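The structure file data_2.cif is reproduced below (mmCIF, C-alpha atoms).
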```
data_model
#
loop_
_atom_site.label_atom_id
_atom_site.label_comp_id
_atom_site.auth_asym_id
_atom_site.auth_seq_id
_atom_site.Cartn_x
_atom_site.Cartn_y
_atom_site.Cartn_z
CA MET A 1 -239.44 -179.17 56.05
CA PHE A 2 -238.89 -182.90 56.46
CA SER A 3 -236.73 -182.32 59.55
CA ASN A 4 -239.58 -180.28 61.08
CA LYS A 5 -241.93 -183.26 60.69
CA ILE A 6 -239.39 -185.54 62.34
CA LYS A 7 -238.80 -183.05 65.16
CA ASP A 8 -242.56 -182.73 65.60
CA PHE A 9 -242.87 -186.52 65.83
CA ILE A 10 -240.02 -186.80 68.36
CA ILE A 11 -241.46 -184.07 70.57
CA LYS A 12 -244.95 -185.65 70.41
CA ASN A 13 -243.55 -189.00 71.51
CA ASN A 14 -241.50 -187.36 74.26
CA VAL A 15 -244.53 -185.52 75.63
CA LYS A 16 -246.81 -188.58 75.38
CA LYS A 17 -244.26 -190.58 77.35
CA ARG A 18 -244.09 -187.87 80.04
CA LEU A 19 -247.88 -187.64 80.22
CA SER A 20 -248.26 -191.36 80.83
CA ASN A 21 -247.18 -190.96 84.46
CA VAL A 22 -248.61 -187.54 85.35
CA LYS A 23 -249.94 -187.03 88.86
CA HIS A 24 -252.03 -183.90 89.26
CA LEU A 25 -251.73 -182.28 92.64
CA ALA A 26 -253.99 -179.27 92.50
CA SER A 27 -253.34 -176.46 94.90
CA ASN A 28 -256.02 -174.98 97.15
CA ASP A 29 -254.41 -171.55 97.02
CA VAL A 30 -256.27 -168.44 95.94
CA ILE A 31 -255.31 -167.26 92.46
CA LYS A 32 -253.10 -164.18 92.40
CA THR A 33 -251.00 -164.73 89.26
CA ILE A 34 -252.08 -165.98 85.86
CA GLY A 35 -250.01 -167.31 82.97
CA ILE A 36 -251.54 -167.69 79.52
CA ILE A 37 -250.25 -169.69 76.57
CA PHE A 38 -251.65 -168.49 73.24
CA ASP A 39 -251.52 -170.11 69.84
CA GLU A 40 -251.52 -167.15 67.48
CA SER A 41 -252.64 -169.28 64.55
CA GLU A 42 -255.83 -170.16 66.47
CA SER A 43 -256.63 -166.86 68.15
CA ASN A 44 -255.20 -163.47 67.29
CA ASP A 45 -257.15 -161.74 70.04
CA LYS A 46 -254.82 -162.12 73.01
CA GLU A 47 -255.61 -158.56 74.15
CA GLY A 48 -259.32 -159.42 74.14
CA VAL A 49 -258.77 -162.47 76.31
CA ILE A 50 -256.64 -160.48 78.75
CA LYS A 51 -259.33 -157.76 78.93
CA GLU A 52 -261.94 -160.42 79.69
CA ILE A 53 -259.77 -161.72 82.55
CA GLN A 54 -259.27 -158.19 83.85
CA LYS A 55 -263.06 -157.83 84.16
CA PHE A 56 -262.80 -160.32 87.03
CA GLY A 57 -260.49 -158.06 89.04
CA PHE A 58 -257.03 -159.09 87.82
CA GLN A 59 -254.49 -156.38 87.02
CA PRO A 60 -252.16 -156.50 84.00
CA SER A 61 -249.21 -156.93 86.39
CA GLN A 62 -250.75 -160.22 87.58
CA ILE A 63 -251.02 -161.65 84.05
CA ASP A 64 -248.12 -163.00 81.99
CA PHE A 65 -248.46 -164.59 78.59
CA ILE A 66 -246.44 -166.22 75.88
CA VAL A 67 -247.39 -166.67 72.22
CA PHE A 68 -246.67 -169.57 69.88
CA ARG A 69 -246.27 -168.87 66.18
CA GLU A 70 -245.71 -171.42 63.45
CA LYS A 71 -243.07 -169.26 61.77
CA ILE A 72 -241.18 -166.23 62.98
CA LYS A 73 -239.37 -164.12 60.43
CA LYS A 74 -235.95 -162.86 61.44
CA THR A 75 -237.00 -159.29 60.75
CA GLU A 76 -240.09 -159.46 62.98
CA VAL A 77 -239.93 -157.69 66.34
CA PHE A 78 -242.43 -158.30 69.12
CA ASN A 79 -243.14 -156.46 72.35
CA TYR A 80 -244.25 -159.70 74.00
CA PRO A 81 -242.63 -163.15 74.34
CA VAL A 82 -243.00 -165.32 71.23
CA PHE A 83 -241.67 -168.77 70.42
CA SER A 84 -241.80 -171.34 67.64
CA MET A 85 -240.64 -174.90 67.03
CA LYS A 86 -237.17 -173.53 66.32
CA ASP A 87 -236.89 -172.63 70.02
CA ILE A 88 -237.22 -176.28 71.04
CA ASN A 89 -234.28 -178.62 70.65
CA TRP A 90 -234.40 -182.27 69.59
CA ASN A 91 -234.48 -183.38 73.25
CA ALA A 92 -237.78 -181.52 73.77
CA SER A 93 -236.15 -178.79 75.85
CA PHE A 94 -236.60 -175.08 75.44
CA GLU A 95 -233.60 -173.03 74.35
CA LYS A 96 -234.95 -169.50 74.65
CA ASN A 97 -234.61 -167.81 78.06
CA GLU A 98 -238.06 -166.20 77.82
CA ILE A 99 -239.65 -169.64 77.55
CA LYS A 100 -237.57 -171.09 80.38
CA GLN A 101 -238.58 -168.19 82.64
CA PHE A 102 -242.25 -168.66 81.77
CA VAL A 103 -242.06 -172.41 82.44
CA ASP A 104 -240.27 -171.93 85.77
CA LYS A 105 -242.66 -169.29 87.10
CA ASN A 106 -245.06 -170.65 89.71
CA PHE A 107 -248.32 -169.26 88.40
CA ASP A 108 -251.38 -169.83 90.53
CA LEU A 109 -253.33 -170.41 87.30
CA LEU A 110 -252.13 -171.41 83.84
CA ILE A 111 -254.59 -170.95 80.99
CA SER A 112 -253.67 -172.90 77.87
CA TYR A 113 -255.62 -170.87 75.33
CA TYR A 114 -255.47 -173.23 72.37
CA ASP A 115 -257.84 -175.92 71.19
CA VAL A 116 -255.64 -177.63 68.61
CA GLU A 117 -253.03 -179.94 70.06
CA LYS A 118 -249.55 -178.99 68.86
CA PRO A 119 -246.40 -180.56 70.31
CA ALA A 120 -244.79 -177.23 71.27
CA LEU A 121 -247.88 -176.05 73.13
CA VAL A 122 -248.46 -179.37 74.88
CA LEU A 123 -244.80 -179.46 75.92
CA LEU A 124 -244.96 -175.93 77.33
CA THR A 125 -248.19 -176.66 79.23
CA HIS A 126 -246.82 -179.92 80.60
CA ASN A 127 -243.50 -178.40 81.70
CA SER A 128 -245.10 -175.39 83.39
CA LYS A 129 -244.78 -175.27 87.16
CA ALA A 130 -248.22 -173.68 87.51
CA ASN A 131 -250.32 -174.79 90.48
CA PHE A 132 -253.61 -175.07 88.59
CA LYS A 133 -253.84 -175.68 84.84
CA VAL A 134 -256.93 -174.97 82.76
CA GLY A 135 -257.53 -175.59 79.07
CA PHE A 136 -259.96 -176.61 76.39
CA ALA A 137 -261.67 -180.00 76.56
CA ASN A 138 -260.61 -181.14 73.09
CA VAL A 139 -256.91 -181.16 74.05
CA ASP A 140 -255.29 -184.05 75.96
CA ASN A 141 -257.06 -184.12 79.33
CA ARG A 142 -253.95 -185.34 81.18
CA LEU A 143 -252.51 -181.83 80.90
CA TYR A 144 -255.12 -180.04 82.98
CA HIS A 145 -256.74 -179.92 86.36
CA PHE A 146 -259.85 -178.40 84.80
CA MET A 147 -261.19 -178.29 81.24
CA ILE A 148 -263.82 -176.12 79.57
CA GLN A 149 -265.88 -177.21 76.58
CA SER A 150 -265.60 -174.24 74.22
CA ASP A 151 -263.41 -172.95 71.42
CA THR A 152 -260.92 -170.10 71.16
CA LYS A 153 -263.33 -167.86 69.28
CA ASN A 154 -265.66 -167.65 72.30
CA LYS A 155 -263.40 -165.79 74.72
CA VAL A 156 -266.34 -164.35 76.69
CA VAL A 157 -267.94 -167.77 77.20
CA PHE A 158 -264.58 -169.31 78.11
CA THR A 159 -263.68 -166.67 80.72
CA GLU A 160 -267.18 -166.58 82.23
CA GLU A 161 -267.23 -170.37 82.60
CA LEU A 162 -263.69 -170.39 83.96
CA PHE A 163 -264.35 -167.78 86.62
CA LYS A 164 -267.73 -169.26 87.51
CA TYR A 165 -266.03 -172.53 88.39
CA LEU A 166 -263.06 -170.85 90.04
CA LYS A 167 -265.55 -169.19 92.42
CA ILE A 168 -267.20 -172.53 93.10
CA LEU A 169 -263.76 -174.04 93.81
CA LYS A 170 -263.02 -171.03 96.07
CA LYS A 171 -259.94 -170.09 94.10
CA ILE A 172 -260.97 -166.44 93.70
#
```
The structure in this file should be written as structure tokens.
Amino acid sequence: MFSNKIKDFIIKNNVKKRLSNVKHLASNDVIKTIGIIFDESESNDKEGVIKEIQKFGFQPSQIDFIVFREKIKKTEVFNYPVFSMKDINWNASFEKNEIKQFVDKNFDLLISYYDVEKPALVLLTHNSKANFKVGFANVDNRLYHFMIQSDTKNKVVFTEELFKYLKILKKI
């Protein structure tokens, strides 16, 4: 328990240090692939969010996602990629191959679908090689190219606002 707090603190400091010299170079490319980072403690409706995105013409094969959980029991089995703080080492690096693959994938759009700042989620968003990052306005604004003022419970509002502005930016 105490070591988790220390690890949390170390990762927060590591990420804050990395964010101090971030240079956002947004791409002008049209969006073909989407990555989504979910915090399962904030929103359990990942299927609902994906369905909302599909309404705008995206196929399931174009959408990848990863889910953060506070605790994962050893007996739990998931049919989607899941990670927790245990999958991050003390140097703020990911140890699980699923996470490394997600981070290394060049998504055209990364949606950070969480509105509570947690070190693991911020680290994953920051490390992602996505070309255009979108998230909620109440999370550190240095992470994103574009932010939407909403909360995770309003998936319809979030996706409508997101795609309205993506059209204006000529990304879709």
Any chance you could work out the residue set of the PyMOL selection byres ((chain A and resi 159-166) around 8) here, as a PyMOL selection string?
-> chain A and resi 49+52-53+56+148+155-158+167-172
Identify all residues satisfying the PyMOL selection byres ((chain A and resi 135-137) around 7) in the given file; provide them as a ChimeraX atom specification.
-> /A:111-115,133-134,138-139,141,144,146-150
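Evaluating the PyMOL selection byres ((chain A and resi 108) around 7) against the shown model yields A:Ile31, A:Lys32, A:Thr33, A:Ile34, A:Asn106, A:Phe107, A:Leu109, A:Leu110, A:Ala130, A:Asn131, A:Phe132.
Using only C-alpha atoms, the contacts of Ser84 of chain A at a cut-off of 9 Å, with sequence neighbours closer than 4 positions omitted, comprise Val67, Phe68, Arg69, Glu70, Lys71, Ile72, Ile88 and Ala120 of chain A.
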Quick one: pull the distance between atom CA of Asp140 of chain A and atom CA of Val116 of chain A, Å, one decimal.
-> 9.8 Å
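For the pair atom CA of Pro119 of chain A and atom CA of Glu47 of chain A, the interatomic distance is 24.2 Å.
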Contact residues around Phe94 of chain A with only C-alpha atoms at 10 Å, ignoring same-chain residues under 5 positions, as an NGL selection string | :A and (83 or 85-89 or 99-100 or 103 or 120 or 123-124 or 127)
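For the pair atom CA of Lys73 of chain A and atom CA of Ser41 of chain A, the separation is 14.8 Å.
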Which residues are close to Ile63 of chain A, i.e. within 8 Å by all atoms listed in the file, leaving aside same-chain residues fewer than 3 positions away? Reply as a CSV table (one decimal) with C-alpha atoms, in the coordinates of the input.
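Once everything was written out, this is selection.csv:
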```
chain,number,residue,atom,x,y,z
A,33,THR,CA,-251.0,-164.7,89.3
A,34,ILE,CA,-252.1,-166.0,85.9
A,35,GLY,CA,-250.0,-167.3,83.0
A,36,ILE,CA,-251.5,-167.7,79.5
A,50,ILE,CA,-256.6,-160.5,78.8
A,58,PHE,CA,-257.0,-159.1,87.8
A,59,GLN,CA,-254.5,-156.4,87.0
A,60,PRO,CA,-252.2,-156.5,84.0
```
Go through A:Lys105, A:His145, A:Ile37, A:Ile11 one by one, measure the shortest atom-to-atom distance of each to Tyr80 of chain A using only C-alpha atoms, and give the residue with the smallest value.
-> A:Ile37
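Nearest to Asn79 of chain A of all the residues A:Ile66, A:Asn28, A:Leu121, A:Gln101 is A:Ile66, based on all atoms listed in the file.
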